[in-house]
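**Student:** Provided herewith is a single structure, encoded as structure tokens, for subsequent inquiry.
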Amino acid sequence: MSKVVAVFLLLFLPLSVGAQTDTIAGKVHSLQGVEVLSKSHNALAASVPLQQMSNQRMLELGIQTMADALTHIAGITIRDYGGAGGMKTVSVRGIGSRHTGILYDGIALSDCQTGEIDLSRYSLDNVSLLKMIIGDGDDIFQPARNASTAASLAIDNIRPPVSDRQGHLKARLTYGSWNTIVPSLYYGQSLSDRLSVSLMGEFTHSDNDYPFKLYNGNLITTEHRQNSKMNAGHIEGNILWLMTDRQSLSGKVYYYDNNRQLPGIVHLYTNENDETLKEQNAFMQLTYKDRMSEKFSLQGNVKYNWAKSDYHNGNSGSGIVDSRYYQQEYYASLAMMYSPLSWFSMDYSGDYFFNLLTSNQTSYERPSRHSILQSLSAKVSNERLTFVARALWSNYLNEIRMGDAGANGHRLSPSLSLSYRLLADEDLYIRAFWKSIYRMPTFNELYFYHIGSTSLKPEKANQWNLGITYGKQSKRWETQFTTDAYINKVDDKIVAIPFNMFVWKMMNLAKVMVFGVDVTANARWNITSKQALEYTGNYSWQRAENRTNKASEYYNNQIAYTPEHIFSNTFTWHNPIANLTYSFDGMNERFTTNGHEDGTRMAGFVEMNASVWHTFSLRAMKLTARAAMMNFTNKQYDLVAHYPMPGRSWRMTLIMEI
């Protein structure tokens, strides 16, 4: 009972503290029906770096998987174990993947065990918009938890249709190298003028036995990836109820199941492995929105999440043979926005979530955590100026059945962001932001069997960003250009080095400094009304240095698995016959350790891809056919040491829409 009282005291106590501080500015919103929309969806005008791609845009760029999409986002470093079944996580601007939040239809996905979301689980078939937000976004009418990370990847799915009573069907079938087959199906139906539903499911099978070259001195042999087969699928149902012109209720039920073999580290004489992983995840979420008046809006969210991870290691002599993990999360959020003036609005958001982890590993002893997050935000906005400020008050209470729990955490994390239009008749903006953020160690970092440590300190990070954006549009030409320079300072950084696909070794560095520049560019030349040439590219320079001890030989070394240069370029020819896309992306060398010892260097690489696609009508159907060749130069490279990425491969896709 005392714990419950403490939770509610922590939830409401900071309200009086926040009321005594300076006013915190937030974003102006225009209210239409039950939706609360930002005044401008123009990414150039955003006060923080915002990169976004619609489903149509992804089609034009030849993007078919989440990994494809991430290479088109500046500032991202991807960790990929290779193939359709390889785990994929992202780190933004060298801070670390655990500082990147993943939002699924506006509500955060969670993994209290590892703190990382495996993006290979999520298909693009049902995605309407993909957004990467670095810092706090301009939308202040959102859960406090959404502002608790250094960056957020928002996955917005197709909403159930409300415009008509007709059924909407979308079917996709993809087949590719190494017996990879991915069917998916979406159906949406409006049951009345105010009630609509949708159902989506997809399945992925791949043998993943792709070839690679093994170098042993002067001896070069061709091997095949082993123990890499996977079967995975997910199904989700959505409902949208427009209760009144001012109120709406939306809900989602989601289930994911993955049964895969885990490919091991490639050794000189064998890459045999006998590791398997079965994962299940189910969650239910509800979102209620109410435009109570012209000046006041309310939003509530609730969610229950359950996940199971069953790991088996059949390798002789392995330390951990069978590990089973079960996690649960109970989540509730309330946001209230007040807009007294057309150019000024304020928001208070309060979130509570409870995480519980159980395992057959005795060192865990059922760790749990109460998390209470509150944010007070406001925004000033007009045609030329956007100014946002936010204060996030975080409270974490750790518990464990037996043994010593990790320390509790309490911190106030402020942020400020600004965008200003330099010329009234030109899309030329400058922007700047500063954000302080706080990340508690995950349950793995605190309690993992023989590896975790309850003495780990939380990470504290500060982000600074200064950028300029420009856009120009005419009848024949469209151009966009952004440049952002940034500095990130991380104290007590926890660096995870992979031991295998499921176990990580934790290292605690006192200080890391990251200096970087992100550049994005897009240019389109409309040759005729039916033909166009387009270029899309991004480049990132990031220097992530170990600044712990000046006397150390490792001082100023680039931290492990962080490249200094990352780039992506895509060229597209739009035409009535067959649209063509060519892209190349890559990065420079990296090191697998912070010490840069001999034998830890990973060479840089450039990967080239090409695709052709065409959309045409057949009676009441719209059909899209696509053929793609990935890594057509057959470049061999690793993103994680000793886990070779696939070489040359192909993929064919047919999409039918009614």
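Ligands are numbered from 1 in the order shown, residues from 1 within each chain, and chains are lettered A, B, ... in the order they appear in the structure tokens.
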Please identify which residues in range 103-262 of chain A DSSP calls strand (DSSP E or B) from the backbone, and express them as a count of residues only.
**Tutor:** 92
**Student:** What's around Ser368 in chain A at 8 Å? Count only C-alpha atoms, leave out sequence neighbours fewer than 5 positions away in its own chain, and write the answer as a ChimeraX atom specification.
**Tutor:** /A:354-357,398-400
**Student:** Can you tell me which residues surround range 369-371 of chain A at a distance of at most 10 Å, considering only C-alpha atoms, apart from same-chain residues fewer than 3 positions away, and format the answer as a ChimeraX atom specification?
**Tutor:** /A:3-4,7,10-11,112,145,329-331,351-357,394-400,405-406,408-410,443
**Student:** Go ahead and write the residues just picked, N, CA and C atoms, as a tab-separated table (two decimals), in the first residue's frame.
**Tutor:**
chain	number	residue	atom	x	y	z
A	3	LYS	N	3.72	1.62	-1.37
A	3	LYS	CA	4.25	1.85	-2.71
A	3	LYS	C	3.24	2.58	-3.59
A	4	VAL	N	1.97	2.19	-3.47
A	4	VAL	CA	0.92	2.84	-4.26
A	4	VAL	C	0.79	4.31	-3.89
A	7	VAL	N	3.66	6.24	-5.35
A	7	VAL	CA	3.48	6.46	-6.79
A	7	VAL	C	2.60	7.67	-7.05
A	10	LEU	N	4.33	10.98	-6.14
A	10	LEU	CA	5.30	11.38	-7.15
A	10	LEU	C	4.63	11.88	-8.41
A	11	LEU	N	3.45	11.34	-8.71
A	11	LEU	CA	2.74	11.75	-9.91
A	11	LEU	C	2.24	13.18	-9.82
A	112	CYS	N	11.56	-3.66	-21.56
A	112	CYS	CA	12.25	-3.32	-20.32
A	112	CYS	C	13.48	-4.19	-20.11
A	145	ARG	N	5.90	10.34	-22.08
A	145	ARG	CA	6.89	9.33	-22.41
A	145	ARG	C	7.51	9.54	-23.78
A	329	GLU	N	3.82	-4.95	-19.20
A	329	GLU	CA	3.77	-3.52	-18.94
A	329	GLU	C	2.33	-3.06	-18.89
A	330	TYR	N	2.02	-2.27	-17.87
A	330	TYR	CA	0.73	-1.60	-17.73
A	330	TYR	C	1.00	-0.10	-17.88
A	331	TYR	N	0.28	0.53	-18.81
A	331	TYR	CA	0.61	1.92	-19.15
A	331	TYR	C	-0.66	2.76	-19.22
A	351	ASP	N	2.23	10.45	-17.31
A	351	ASP	CA	2.26	9.03	-17.67
A	351	ASP	C	2.66	8.19	-16.46
A	352	TYR	N	2.06	7.02	-16.37
A	352	TYR	CA	2.49	6.02	-15.39
A	352	TYR	C	2.58	4.67	-16.09
A	353	PHE	N	3.67	3.96	-15.88
A	353	PHE	CA	3.76	2.60	-16.40
A	353	PHE	C	4.55	1.72	-15.43
A	354	PHE	N	4.12	0.47	-15.36
A	354	PHE	CA	4.71	-0.52	-14.47
A	354	PHE	C	5.25	-1.66	-15.30
A	355	ASN	N	6.54	-1.98	-15.13
A	355	ASN	CA	7.20	-3.05	-15.87
A	355	ASN	C	7.58	-4.18	-14.92
A	356	LEU	N	7.36	-5.41	-15.36
A	356	LEU	CA	7.69	-6.59	-14.57
A	356	LEU	C	8.37	-7.59	-15.49
A	357	LEU	N	9.49	-8.17	-15.02
A	357	LEU	CA	10.24	-9.16	-15.79
A	357	LEU	C	10.45	-10.41	-14.94
A	394	SER	N	11.01	13.09	-14.36
A	394	SER	CA	11.05	11.63	-14.43
A	394	SER	C	11.31	11.04	-13.04
A	395	ASN	N	10.55	10.01	-12.72
A	395	ASN	CA	10.72	9.28	-11.46
A	395	ASN	C	10.67	7.79	-11.74
A	396	TYR	N	11.67	7.07	-11.27
A	396	TYR	CA	11.76	5.62	-11.47
A	396	TYR	C	11.99	4.94	-10.13
A	397	LEU	N	11.15	3.98	-9.80
A	397	LEU	CA	11.25	3.24	-8.54
A	397	LEU	C	11.51	1.77	-8.86
A	398	ASN	N	12.69	1.28	-8.52
A	398	ASN	CA	13.08	-0.09	-8.80
A	398	ASN	C	12.77	-1.00	-7.61
A	399	GLU	N	12.32	-2.21	-7.92
A	399	GLU	CA	12.05	-3.21	-6.90
A	399	GLU	C	12.57	-4.57	-7.38
A	400	ILE	N	12.89	-5.45	-6.44
A	400	ILE	CA	13.31	-6.81	-6.76
A	400	ILE	C	12.91	-7.70	-5.60
A	405	ALA	N	18.24	-4.20	-5.43
A	405	ALA	CA	17.68	-3.59	-6.63
A	405	ALA	C	18.56	-2.44	-7.09
A	406	GLY	N	18.42	-2.07	-8.35
A	406	GLY	CA	19.11	-0.89	-8.84
A	406	GLY	C	18.59	0.36	-8.14
A	408	ASN	N	16.96	3.97	-7.40
A	408	ASN	CA	15.86	4.74	-7.96
A	408	ASN	C	16.42	5.97	-8.69
A	409	GLY	N	15.61	6.55	-9.56
A	409	GLY	CA	16.05	7.72	-10.30
A	409	GLY	C	15.01	8.82	-10.32
A	410	HIS	N	15.47	10.06	-10.16
A	410	HIS	CA	14.59	11.24	-10.20
A	410	HIS	C	15.36	12.35	-10.92
A	443	PHE	N	16.84	-3.58	-17.47
A	443	PHE	CA	16.93	-4.73	-16.58
A	443	PHE	C	18.10	-5.63	-16.95
**Student:** Leaving out range 227-232 of chain A and any residue of its chain fewer than 5 positions from it, which residues lie within 8 Å of it when counting only C-alpha atoms, given as a list of chain:residue names?
**Tutor:**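 Those residues are A:Ala84, A:Gly85, A:Phe203, A:Thr204, A:His205, A:Ser206, A:Asp207, A:Asn208, A:Asp209, A:Tyr256, A:Asp257, A:Asn258, A:Asn259, A:Arg260, A:Gln261, A:Leu262, A:Pro263, A:Gly264, A:Glu272, A:Asn273, A:Asp274, A:Glu275.
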**Student:** Using CA of Asn609 in chain A and CA of Ala151 in chain A as the two end points, give the distance in Å to one decimal.
**Tutor:**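 It comes out at 28.0 Å.
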**Student:** Which polymer residues have any atom within 10 Å of an atom of Pro340 in chain A, counting only C-alpha atoms, with same-chain residues fewer than 3 positions away left out, as a list in words?
**Tutor:**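 Near neighbours after the sequence-gap exclusion: Val28, Glu294, Lys295, Phe296, Met337, Trp343, Phe344, Ser345 and Met346 of chain A.
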**Student:** With only C-alpha atoms as the basis for distance, which of A:Thr600, A:Gln299, A:Ser47, A:Thr358 is at the shortest distance from Thr386 in chain A?
**Tutor:**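 Among the listed residues, the smallest separation from Thr386 in chain A belongs to A:Ser47.
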**Student:** Using only C-alpha atoms, which of A:Asp105, A:Asp111, A:Asp290, A:Asp139 sits nearest Thr244 in chain A?
**Tutor:**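 Counting only C-alpha atoms, the residue closest to Thr244 in chain A is A:Asp290.
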**Student:** Rounded to one decimal, what separation in Å do you get between CA of Gly137 in chain A and CA of Ala46 in chain A?
**Tutor:**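 These atoms are spaced 7.8 Å apart.
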**Student:** Fewer than 5 positions away in the same chain doesn't count, so skip those; otherwise give me all residues within 12 Å of Tyr81 in chain A, counting only C-alpha atoms, as a count of residues only.
**Tutor:** 29
**Student:** Between A:Ile468, A:Val48, A:Ile140, A:Ile63, which is the closest to Thr581 in chain A once you count only C-alpha atoms?
**Tutor:**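 Counting only C-alpha atoms, the residue closest to Thr581 in chain A is A:Ile63.
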